[in-house]
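As structure tokens, the structure follows; a few thoughts come after it.
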Amino acid sequence: MEFKTVQTTCTYCGCGCGLLLGVMDEEIVATLPLKTHPINEGTLCIKGWSVHEFVQSEKRLLRPMVRKNGDFQEADWEDALGLVASRLGEIRDQFGPDSIAGLSSAKCTNEENYLFQKFMRAVMGTNNVDHCARL
Amino acid sequence: MDNLEKAKAVISDLLAKDKVAGFLALRTMSGHPIPYLFTRPDELDGLYLGEVRYPLTKILTMLARKYPDNIFGILARACDERSLIELYKNQQLNPERVAFVGMACSGELAEKCECFRPYPSRIDIGEKVEREGNLPEVSEIEALTEEERYRHWMGQFAKCIKCYGCRNICPVCFCTTCTLEDHNLVHLGGMPPQMPIFHLVRAMHMADRCIDCGLCEEACPADIPLRTLYRKVRETVKDLFGYVPGESVEDLPPLETLGDGAFEIRGSRG
């Protein structure tokens, strides 16, 4: 019998609310807002309150998937990233950098989003970069 | 001996003599007081007795569901004790499987919580502080006309973002099927019940159960004065049935004593 509450940060958006995950015998069973957290001060939205459910959802993608012959198939990171890099390069060379747009995510960290726009502008050569929170 | 040392001694004794499988209280971890299940006396160095409150009895219920034969200890304030009484009464916890250590709240916390009785029935830790429990907001709203009251509450409910936090944090919301997300009433992928239905359904369900701990209001991101609403509902149940939730395990809630047949409220509303 083991129970603990683990402090973490909600992954759902860029607010960065403090969470406590209730973990019983290695299974996440509950979410509580961290009452002393400077961002959310003990409150959460419905998504934050449901972290313990979606974290363990069977529908979550755990490995990269590559579409082959119309179906998604599991791939390793090396192959998946290799495919993305070569196809992006081909499309840019054939149609120009502005034929590509990048959509980042509010679920990423500030630093990841910075890197993403840097990648789109400096590597791909386009200003077509946006994020999900503006959709 | 100060309160912290005394609490450590009491809990340490329970753990060392194997009287409990674990003791639920708050412990400071990485600078934050968080719910913690103490299982060894040496963990008690971070024991926290300050003003932060979490629904410990809700966690206790979760533990007891999985480990019904174990005895768990809990550091309980007056509000925790009131929720324990409701959970015992509603067969969610077995009082023989709970080792209760009562803690009286400081005057500051009692004031902050607008608590009507900031000490449990048995005080093991802390000093008893008396406080008048009137929540002025209830009488302020009662002084308004019906039209003003309606506008006030509709304005408050309109702020709701349907986070379900009031229900999720509530130590006496223990139903495994909740009306507010029952699939027969709320379709999966659809919108939650609209205001004011959401709030009134919850208020009705709280009528014979709310122990006025105020955790719902603390958890509300929209600052809806939920406690004022539930206090009024509590007051109504007290006036009609002489019943106050959280006072005694022996007091049966009105739904159990009314029996079959409609109950009519006598008076001008007819």
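Simple scheme: letters A, B, ... for chains in structure tokens order, numbers from 1 for residues in each chain, numbers from 1 for ligands in the order shown.
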Q. If we count only C-alpha atoms, what is near range 136-153 of chain B at a cut-off of 8 Å, once residues fewer than 5 positions away on the same chain are taken out, given as a ChimeraX atom specification?
A. /B:228-229,231-232
Q | Distance filter 6 Å, only C-alpha atoms, chain A against chain B, as a VMD selection string | A | chain A and resid 42 to 43 45 to 46
Q. Hey, what's within 9 Å of range 82-94 of chain B if we count only C-alpha atoms and toss same-chain stuff fewer than 3 positions away? As a ChimeraX atom specification, please?
A. /B:57-58,60-61,64-65,68,76-79,97-98,120,171-172,174,209-213,245-252
Q: Work out how far apart CA of Arg167 in chain B and CA of Leu226 in chain B are and give it in Å to one decimal.
A: 11.1 Å
Excluding Asn128 in chain A and residues on its chain fewer than 4 positions from it, collect all residues at most 8 Å away from it, counting only C-alpha atoms, and give them as a PDB file with N, CA, C and O atoms, in the first residue's frame.
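See result-v8.pdb below for the written result:
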ATOM      1  N   ASP A  98       7.717  29.417 -48.616  1.00  0.00           N
ATOM      2  CA  ASP A  98       6.400  29.862 -48.167  1.00  0.00           C
ATOM      3  C   ASP A  98       5.281  28.874 -48.502  1.00  0.00           C
ATOM      4  O   ASP A  98       4.105  29.133 -48.235  1.00  0.00           O
ATOM      5  N   ILE A 100       5.242  26.197 -47.016  1.00  0.00           N
ATOM      6  CA  ILE A 100       5.200  25.425 -45.761  1.00  0.00           C
ATOM      7  C   ILE A 100       4.783  26.352 -44.616  1.00  0.00           C
ATOM      8  O   ILE A 100       5.203  27.510 -44.564  1.00  0.00           O
ATOM      9  N   ALA A 101       3.931  25.848 -43.724  1.00  0.00           N
ATOM     10  CA  ALA A 101       3.579  26.607 -42.516  1.00  0.00           C
ATOM     11  C   ALA A 101       3.764  25.700 -41.305  1.00  0.00           C
ATOM     12  O   ALA A 101       3.620  24.478 -41.407  1.00  0.00           O
ATOM     13  N   GLY A 102       4.105  26.296 -40.198  1.00  0.00           N
ATOM     14  CA  GLY A 102       4.280  25.515 -38.970  1.00  0.00           C
ATOM     15  C   GLY A 102       3.283  25.946 -37.917  1.00  0.00           C
ATOM     16  O   GLY A 102       3.085  27.140 -37.685  1.00  0.00           O
ATOM     17  N   MET A 120      11.429  27.388 -38.106  1.00  0.00           N
ATOM     18  CA  MET A 120      10.640  27.765 -39.283  1.00  0.00           C
ATOM     19  C   MET A 120      11.287  28.932 -40.028  1.00  0.00           C
ATOM     20  O   MET A 120      11.368  28.941 -41.255  1.00  0.00           O
TER      21      MET A 120
END
Q: Would you mind telling me which residue in A:Ala85, A:Ala122, A:Cys15, A:Met1 lies nearest to Ala106 in chain A when using only C-alpha atoms?
A: A:Cys15
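Straight-line separation from CA of Leu19 in chain A to CA of Thr36 in chain A: 10.1 Å.
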Q: Write out as a PyMOL selection string the residues lying within 8 Å of Cys160 in chain B, counting only C-alpha atoms and excluding same-chain residues fewer than 4 positions away.
A: chain B and resi 156+195+222+224
Q. What does the distance from CA of Gly48 in chain A to CA of Lys107 in chain A come to in Å, to one decimal?
A.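 These atoms are spaced 12.1 Å apart.
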Q.
Using only C-alpha atoms, can you tell me which of A:Val123, A:Cys108, A:Leu81, A:Leu32 comes closest to Thr11 in chain A?
A. A:Cys108
(Q) Using DSSP assignments from the backbone, pull out every residue in range 54-243 of chain B that falls under strand (DSSP E) and give it to me as a list of chain:residue names. (A)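 Matching residues for strand (DSSP E) in range 54-243 of chain B are B:Phe72, B:Gly73, B:Ile74, B:Leu75, B:Ala76, B:Val98, B:Ala99, B:Phe100, B:Val101, B:Gly102.
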Q. Excluding same-chain residues fewer than 6 positions from Glu114 in chain B, what lies within 8 Å of it counting only C-alpha atoms, as a VMD selection string?
A. chain B and resid 133 to 135
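Of the listed residues B:Leu26, B:Asp208, B:Ala104, B:Ala158, the one whose atoms come nearest to Gly242 in chain B is B:Asp208, with distances taken using only C-alpha atoms.
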Q | Close residues, Ala80 in chain A itself excluded, 9 Å, only C-alpha atoms, min 3 positions apart in chain, as a PyMOL selection string | A | chain A and resi 64-66+75-77+83-85
Q: Choose the residue, out of B:Leu255, B:Leu14, B:Cys170, B:Ala207, that has the smallest atom-to-atom separation from Thr236 in chain B; count only C-alpha atoms.
A: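 Smallest distance to Thr236 in chain B is found for B:Ala207.
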Q: Enumerate the residues of range 53-205 of chain B with a DSSP assignment of alpha helix (DSSP H), computed from the backbone, and present them as a PyMOL selection string.
A: chain B and resi 56-66+78-89+107-113+136-142+146-157+165-169+197-205
